[in-house]
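In what follows, a structure is listed as structure tokens, so that the remarks can point back to it.
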Amino acid sequence: LKVASLSAAQPDREVEKLGPAVSAAFDADGKPTKAAEGWARGNGITVDQAERLSTDKGEWLVYRAQVKGESSQSLLPGMIATALGKLPIPKLMRWGASDVQFVRPVHTVTLLLGDELLPATILGIESGRTIRGHRFMGEP
């Protein structure tokens, strides 16, 4: 598979996670409830660090963060493994002592991003720069 014009990384994005309503987030004394503390802990913040969002349905706690996009280099091996695992292959085979299954035995994997070799294990094979042709029809 060859992909032209692949971005070097995902774009950065803003994530917004809506929390409990302010009326349910604080008790009568103004202290955070277990619901608010659990929501904040799940987002890696304290209740004090949460922002407030006013809507026509009331006021809510909200957590906003800038998430840096991951590099294509780190994403590609997982994407390839997922795509290969979802291929509609009616009968898979195993070869050698490996538990890896695919339609045919895989002997080499080359995974390049530009000229850079991406280290990965695809179908039980470490990626490398060497590609071997067909064992009968290819060059030795």
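Ordering of the structure tokens sets the chain letters (A, B, ...); residue numbers start at 1 within each chain; ligands are numbered from 1 in the order shown.
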Taking the DSSP assignment computed from this structure's backbone, write out as a ChimeraX atom specification all residues of region 11-122 of chain A that belong to helix (DSSP H, G or I). /A:22-25,34-42,47-49,72-85
Show me, as a list in words, the residues that have an atom within 8 Å of region 78-95 of chain A when counting only C-alpha atoms, minus same-chain residues fewer than 4 positions from it.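 Counting only C-alpha atoms, the residues come to Ser74, Asp99, Val100, Gln101, Phe102, Val103, Arg104, Pro105, Ile122 and Leu123 of chain A.
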Here is a test: counting only C-alpha atoms, which residue of A:Gln73, A:Asp115, A:Val62, A:Lys31 is nearest to Ile45 (chain A)? A:Val62
Distance CA of Ala4 (chain A)-CA of Leu111 (chain A), one decimal place?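 The value is 14.2 Å.
By only C-alpha atoms, and with residues fewer than 2 positions from Pro32 (chain A) along its chain excluded, the set lying at most 12 Å from it is Pro20, Ala21, Val22, Ser23, Ala24, Ala25, Phe26, Asp27, Ala28, Asp29, Gly30, Lys34, Ala35, Ala36, Glu37, Gly38, Trp39, Ala40, Thr46, Val47, Asp48, Ala50 and Leu61 of chain A.
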Residue subset to file, keeping C-alpha atoms, as a short mmCIF file (atom, residue, chain, number, x, y, z; two decimals), in the first residue's frame:
data_model
loop_
_atom_site.label_atom_id
_atom_site.label_comp_id
_atom_site.auth_asym_id
_atom_site.auth_seq_id
_atom_site.Cartn_x
_atom_site.Cartn_y
_atom_site.Cartn_z
CA PRO A 20 -22.28 17.19 36.21
CA ALA A 21 -24.62 20.14 36.62
CA VAL A 22 -23.32 22.69 39.13
CA SER A 23 -26.43 22.05 41.24
CA ALA A 24 -25.38 18.38 41.54
CA ALA A 25 -21.64 19.08 41.71
CA PHE A 26 -21.73 20.98 45.02
CA ASP A 27 -23.59 20.34 48.26
CA ALA A 28 -25.41 22.97 50.35
CA ASP A 29 -22.10 24.06 51.93
CA GLY A 30 -20.50 24.56 48.50
CA LYS A 34 -18.61 12.61 45.05
CA ALA A 35 -20.04 12.91 41.53
CA ALA A 36 -18.00 16.07 40.85
CA GLU A 37 -14.83 14.65 42.41
CA GLY A 38 -15.15 11.40 40.44
CA TRP A 39 -15.71 13.26 37.17
CA ALA A 40 -12.73 15.55 37.84
CA THR A 46 -9.47 18.80 40.54
CA VAL A 47 -12.96 20.26 40.79
CA ASP A 48 -11.38 23.71 41.32
CA ALA A 50 -13.00 22.82 36.07
CA LEU A 61 -18.88 21.83 34.97
#
Can you check which residues of chain A DSSP gives as strand (DSSP E) on the backbone and send them as a VMD selection string? chain A and resid 13 to 21 51 to 55 58 to 67 93 to 94 101 to 102 112 to 113 116 to 117 121 to 122 125 to 126
Report, in Å with one decimal, the straight-line distance from CA of Val67 (chain A) to CA of Gly44 (chain A).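 Distance between the two atoms: 13.4 Å.
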Can you work out which one of A:Gly114, A:Gly133, A:Pro119, A:Gly128 has the shortest atom-to-atom distance to Ser5 (chain A), counting only C-alpha atoms?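 With only C-alpha atoms as the atom set, the closest residue is A:Gly114.
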Work out how far apart CA of Leu117 (chain A) and CA of Lys68 (chain A) are and give it in Å to one decimal. 23.3 Å
Counting only C-alpha atoms, the option among A:Arg41, A:Lys2, A:Arg135, A:Arg13 closest to Glu70 (chain A):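 The shortest atom-to-atom distance to Glu70 (chain A) comes from A:Arg13.
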Here is a test: counting only C-alpha atoms, which residue of A:Ile125, A:Ile131, A:Leu18, A:Leu75 is nearest to Leu53 (chain A)?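 Ranking A:Ile125, A:Ile131, A:Leu18, A:Leu75 by distance to Leu53 (chain A), first place goes to A:Leu18.
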